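**Student:** My structure file my_file-v1.cif, mmCIF, C-alpha atoms, is below:
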```cif
data_my_file
loop_
_atom_site.label_atom_id
_atom_site.label_comp_id
_atom_site.auth_asym_id
_atom_site.auth_seq_id
_atom_site.Cartn_x
_atom_site.Cartn_y
_atom_site.Cartn_z
CA MET K 1034 -160.70 156.23 -55.05
CA ALA K 1035 -162.30 153.18 -56.67
CA ARG K 1036 -161.21 152.26 -60.18
CA CYS K 1037 -163.78 152.29 -62.97
CA SER K 1038 -164.37 149.43 -65.35
CA PRO K 1039 -161.20 148.90 -67.43
CA CYS K 1040 -163.08 148.87 -70.72
CA VAL K 1041 -166.19 149.96 -72.59
CA MET K 1042 -168.28 146.95 -73.53
CA ILE K 1043 -170.12 146.98 -76.87
CA SER K 1044 -172.48 144.03 -77.21
CA ASP K 1045 -172.98 142.04 -80.40
CA GLU K 1046 -176.54 143.34 -80.47
CA GLU K 1047 -175.42 147.00 -80.47
CA PRO K 1048 -177.44 148.70 -83.24
CA GLY K 1049 -174.85 151.41 -83.89
CA TYR K 1050 -175.55 154.91 -85.20
CA ASP K 1051 -176.82 155.74 -88.67
CA LEU K 1052 -174.28 157.30 -91.01
CA ASP K 1053 -176.56 160.24 -91.76
CA LEU K 1054 -175.81 161.52 -88.23
CA PHE K 1055 -172.16 162.10 -89.20
CA CYS K 1056 -170.01 163.83 -91.79
CA VAL K 1057 -168.58 160.79 -93.55
CA PRO K 1058 -165.97 161.33 -96.29
CA ASN K 1059 -167.22 160.20 -99.70
CA HIS K 1060 -164.52 157.56 -100.08
CA TYR K 1061 -165.89 155.72 -96.99
CA THR K 1062 -169.63 155.81 -97.79
CA GLU K 1063 -169.73 152.51 -99.70
CA ASP K 1064 -167.66 150.68 -97.07
CA LEU K 1065 -169.53 151.75 -93.91
CA GLU K 1066 -172.94 150.74 -92.63
CA LYS K 1067 -172.98 152.08 -89.06
CA VAL K 1068 -170.80 153.89 -86.52
CA PHE K 1069 -170.31 151.90 -83.31
CA ILE K 1070 -167.78 153.91 -81.32
CA LEU K 1071 -168.06 157.70 -81.31
CA HIS K 1072 -164.90 159.75 -81.70
CA GLY K 1073 -165.61 161.59 -78.45
CA LEU K 1074 -165.75 158.28 -76.58
CA ILE K 1075 -162.38 157.27 -78.03
CA LEU K 1076 -160.87 160.62 -76.97
CA ASP K 1077 -162.40 160.34 -73.49
CA ARG K 1078 -160.98 156.84 -73.00
CA THR K 1079 -157.60 158.02 -74.32
CA GLU K 1080 -157.57 160.82 -71.75
CA LYS K 1081 -158.52 158.32 -69.04
CA LEU K 1082 -155.65 156.07 -70.13
CA ALA K 1083 -153.25 159.04 -69.90
CA ARG K 1084 -154.49 159.83 -66.37
CA ASP K 1085 -154.11 156.18 -65.32
CA MET K 1086 -150.60 156.05 -66.78
CA MET K 1087 -149.56 159.21 -64.94
CA GLU K 1088 -150.95 157.82 -61.69
CA ASP K 1089 -149.39 154.37 -62.17
CA MET K 1090 -145.97 155.73 -63.17
CA GLY K 1091 -145.69 157.88 -60.06
CA GLY K 1092 -142.64 160.01 -60.73
CA ASP K 1093 -140.87 157.46 -62.94
CA HIS K 1094 -139.63 158.29 -66.43
CA ILE K 1095 -142.08 157.40 -69.22
CA VAL K 1096 -140.62 155.83 -72.36
CA ALA K 1097 -143.25 156.11 -75.12
CA LEU K 1098 -142.70 153.93 -78.19
CA CYS K 1099 -144.94 154.45 -81.23
CA VAL K 1100 -145.41 151.71 -83.81
CA LEU K 1101 -145.64 153.47 -87.18
CA LYS K 1102 -147.86 153.93 -89.18
CA ALA K 1103 -151.10 152.56 -87.78
CA GLY K 1104 -150.59 153.74 -84.20
CA TYR K 1105 -149.53 157.31 -84.91
CA ALA K 1106 -152.91 159.07 -84.48
CA PHE K 1107 -153.69 157.34 -81.19
CA PHE K 1108 -150.12 157.86 -79.99
CA THR K 1109 -150.19 161.62 -80.61
CA ASP K 1110 -153.58 161.97 -78.87
CA LEU K 1111 -152.27 160.02 -75.87
CA LEU K 1112 -149.07 162.10 -75.68
CA ASP K 1113 -151.07 165.34 -75.94
CA TYR K 1114 -153.14 164.31 -72.91
CA ILE K 1115 -149.99 163.33 -70.98
CA LYS K 1116 -148.38 166.71 -71.80
CA VAL K 1117 -151.46 168.59 -70.56
CA LEU K 1118 -151.51 166.55 -67.37
CA ASN K 1119 -147.78 167.19 -66.90
CA ARG K 1120 -148.27 170.96 -67.33
CA ASN K 1121 -151.23 171.13 -64.95
CA SER K 1122 -149.84 168.87 -62.26
CA ASP K 1123 -147.78 169.64 -59.19
CA ARG K 1124 -145.14 167.14 -60.33
CA PHE K 1125 -143.39 166.68 -63.67
CA ILE K 1126 -142.83 163.22 -65.13
CA PRO K 1127 -140.01 163.11 -67.71
CA MET K 1128 -140.86 161.44 -71.00
CA THR K 1129 -138.83 160.07 -73.91
CA VAL K 1130 -140.52 159.44 -77.27
CA ASP K 1131 -139.31 157.09 -79.97
CA PHE K 1132 -140.73 155.48 -83.12
CA ILE K 1133 -140.32 152.06 -84.72
CA ARG K 1134 -141.63 150.55 -87.91
CA LEU K 1135 -142.66 146.89 -87.98
CA ASP K 1136 -143.28 144.43 -90.76
CA PHE K 1137 -145.70 141.58 -90.15
CA LEU K 1138 -144.83 138.30 -91.83
CA ARG K 1139 -147.28 135.41 -92.00
CA ALA K 1140 -145.97 131.92 -91.41
CA THR K 1141 -146.65 129.41 -94.16
CA VAL K 1142 -147.89 126.71 -91.76
CA MET K 1143 -151.58 126.22 -92.54
CA THR K 1144 -154.28 124.58 -90.45
CA SER K 1145 -157.06 122.41 -91.83
CA GLN K 1146 -159.13 125.58 -92.33
CA GLN K 1147 -156.31 127.07 -94.48
CA VAL K 1148 -155.70 129.96 -92.05
CA PRO K 1149 -152.15 130.98 -91.10
CA SER K 1150 -151.47 129.56 -87.65
CA GLN K 1151 -148.94 132.13 -86.44
CA SER K 1152 -147.47 135.53 -87.20
CA LEU K 1153 -143.94 136.79 -86.90
CA VAL K 1154 -143.04 140.40 -86.14
CA VAL K 1155 -139.81 141.78 -87.50
CA ILE K 1156 -138.47 145.21 -86.52
CA ILE K 1157 -137.50 146.84 -89.80
CA SER K 1158 -135.89 149.98 -88.44
CA GLN K 1159 -135.77 152.21 -85.44
CA LEU K 1160 -136.26 155.78 -86.56
#
```
Would you write the structure of this file as structure tokens?
**Tutor:**
Amino acid sequence: MARCSPCVMISDEEPGYDLDLFCVPNHYTEDLEKVFILHGLILDRTEKLARDMMEDMGGDHIVALCVLKAGYAFFTDLLDYIKVLNRNSDRFIPMTVDFIRLDFLRATVMTSQQVPSQSLVVIISQL
């Protein structure tokens, strides 16, 4: 079976979707102009990623590591798809789940444009 394109391309000229087509929480209305990636597309690509992972892992153990807090919603969606695939498949792939919290520190070295030139990642704790 031929592999599909590894990503969804959204051009710079993409007009996006008007906000009046969606239920947007009031606290976002002043900050948003358009919607560019639909939630259903994100879920579909997440399911595709889960399928690809299951295929690529074969029967090997999956170790899933979630970076809190920003990655939690995506992580739970991805794990839900993997669990469904595991239940509905003729083979079971064992999975271990763990969480870490990171703190991002900016280096003080500045370029001529006064932009930090590098970032450091420090693991604060493993939960």
**Student:** Give me, please, the distance in Å between atom CA of K:Ala1083 and atom CA of K:Asp1131, quoted to one decimal.
**Tutor:**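 Separation between atom CA of K:Ala1083 and atom CA of K:Asp1131: 17.3 Å.
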**Student:** Between K:Phe1107, K:Phe1125, K:Tyr1061, K:Phe1055, which has the minimum distance to K:Arg1078 (counting all atoms listed in the file)?
**Tutor:**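 Residue with the minimum atom-to-atom distance to K:Arg1078: K:Phe1107.
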**Student:** Take the PyMOL selection byres ((chain K and resi 1065) around 12), run it mentally on this structure, and tell me the resulting residues as a PDB file with C-alpha atoms, in the frame of the given file.
**Tutor:**
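Generated output (result-v1.pdb):
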```pdb
ATOM      1  CA  GLY K1049    -174.850 151.410 -83.890  1.00  0.00           C
ATOM      2  CA  TYR K1050    -175.550 154.910 -85.200  1.00  0.00           C
ATOM      3  CA  ASP K1051    -176.820 155.740 -88.670  1.00  0.00           C
ATOM      4  CA  LEU K1052    -174.280 157.300 -91.010  1.00  0.00           C
ATOM      5  CA  ASP K1053    -176.560 160.240 -91.760  1.00  0.00           C
ATOM      6  CA  PHE K1055    -172.160 162.100 -89.200  1.00  0.00           C
ATOM      7  CA  VAL K1057    -168.580 160.790 -93.550  1.00  0.00           C
ATOM      8  CA  PRO K1058    -165.970 161.330 -96.290  1.00  0.00           C
ATOM      9  CA  ASN K1059    -167.220 160.200 -99.700  1.00  0.00           C
ATOM     10  CA  HIS K1060    -164.520 157.560-100.080  1.00  0.00           C
ATOM     11  CA  TYR K1061    -165.890 155.720 -96.990  1.00  0.00           C
ATOM     12  CA  THR K1062    -169.630 155.810 -97.790  1.00  0.00           C
ATOM     13  CA  GLU K1063    -169.730 152.510 -99.700  1.00  0.00           C
ATOM     14  CA  ASP K1064    -167.660 150.680 -97.070  1.00  0.00           C
ATOM     15  CA  GLU K1066    -172.940 150.740 -92.630  1.00  0.00           C
ATOM     16  CA  LYS K1067    -172.980 152.080 -89.060  1.00  0.00           C
ATOM     17  CA  VAL K1068    -170.800 153.890 -86.520  1.00  0.00           C
ATOM     18  CA  PHE K1069    -170.310 151.900 -83.310  1.00  0.00           C
TER      19      PHE K1069
END
```
**Student:** Could you tell me how far atom CA of K:Met1128 lies from atom CA of K:Gly1091, in Å and to one decimal?
**Tutor:**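 Spanning atom CA of K:Met1128 to atom CA of K:Gly1091 is a straight-line distance of 12.5 Å.
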**Student:** Considering all atoms listed in the file, can you say which of K:Leu1054, K:Leu1071, K:Met1042, K:Leu1112 comes closest to K:Val1096?
**Tutor:**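 Result for the nearest residue to K:Val1096: K:Leu1112.
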**Student:** Rank K:Arg1084, K:Asp1136, K:Leu1074, K:Gly1092 by their smallest atom-to-atom distance to K:Leu1118, using only C-alpha atoms, and report the top residue only.
**Tutor:**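 Closest to K:Leu1118, using only C-alpha atoms: K:Arg1084.
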**Student:** For the atom pair atom CA of K:Leu1101 and atom CA of K:Ile1126, what is the interatomic distance in Å to one decimal place?
**Tutor:** 24.3 Å
**Student:** Which residue out of K:Leu1135, K:Met1090, K:Asn1121, K:Val1130 has the minimum interatomic distance to K:Lys1102 when all atoms listed in the file are used?
**Tutor:**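 Going through K:Leu1135, K:Met1090, K:Asn1121, K:Val1130 one by one, the smallest distance to K:Lys1102 is for K:Leu1135.
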**Student:** Would you kindly return, as a list in words, each protein, DNA or RNA residue with an atom no farther than 9 Å from any atom of stretch 1098-1100 of chain K, considering all atoms listed in the file and excluding same-chain residues fewer than 5 positions away?
**Tutor:** Tyr1105, Phe1108, Thr1109, Thr1129, Val1130, Asp1131, Phe1132, Ile1133, Arg1134 and Leu1135 of chain K
**Student:** Let me see the file: selected residues, C-alpha atoms, as a PDB file, in the coordinates of the input.
**Tutor:**
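That gives us part24.pdb:
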```pdb
ATOM      1  CA  TYR K1105    -149.530 157.310 -84.910  1.00  0.00           C
ATOM      2  CA  PHE K1108    -150.120 157.860 -79.990  1.00  0.00           C
ATOM      3  CA  THR K1109    -150.190 161.620 -80.610  1.00  0.00           C
ATOM      4  CA  THR K1129    -138.830 160.070 -73.910  1.00  0.00           C
ATOM      5  CA  VAL K1130    -140.520 159.440 -77.270  1.00  0.00           C
ATOM      6  CA  ASP K1131    -139.310 157.090 -79.970  1.00  0.00           C
ATOM      7  CA  PHE K1132    -140.730 155.480 -83.120  1.00  0.00           C
ATOM      8  CA  ILE K1133    -140.320 152.060 -84.720  1.00  0.00           C
ATOM      9  CA  ARG K1134    -141.630 150.550 -87.910  1.00  0.00           C
ATOM     10  CA  LEU K1135    -142.660 146.890 -87.980  1.00  0.00           C
TER      11      LEU K1135
END
```
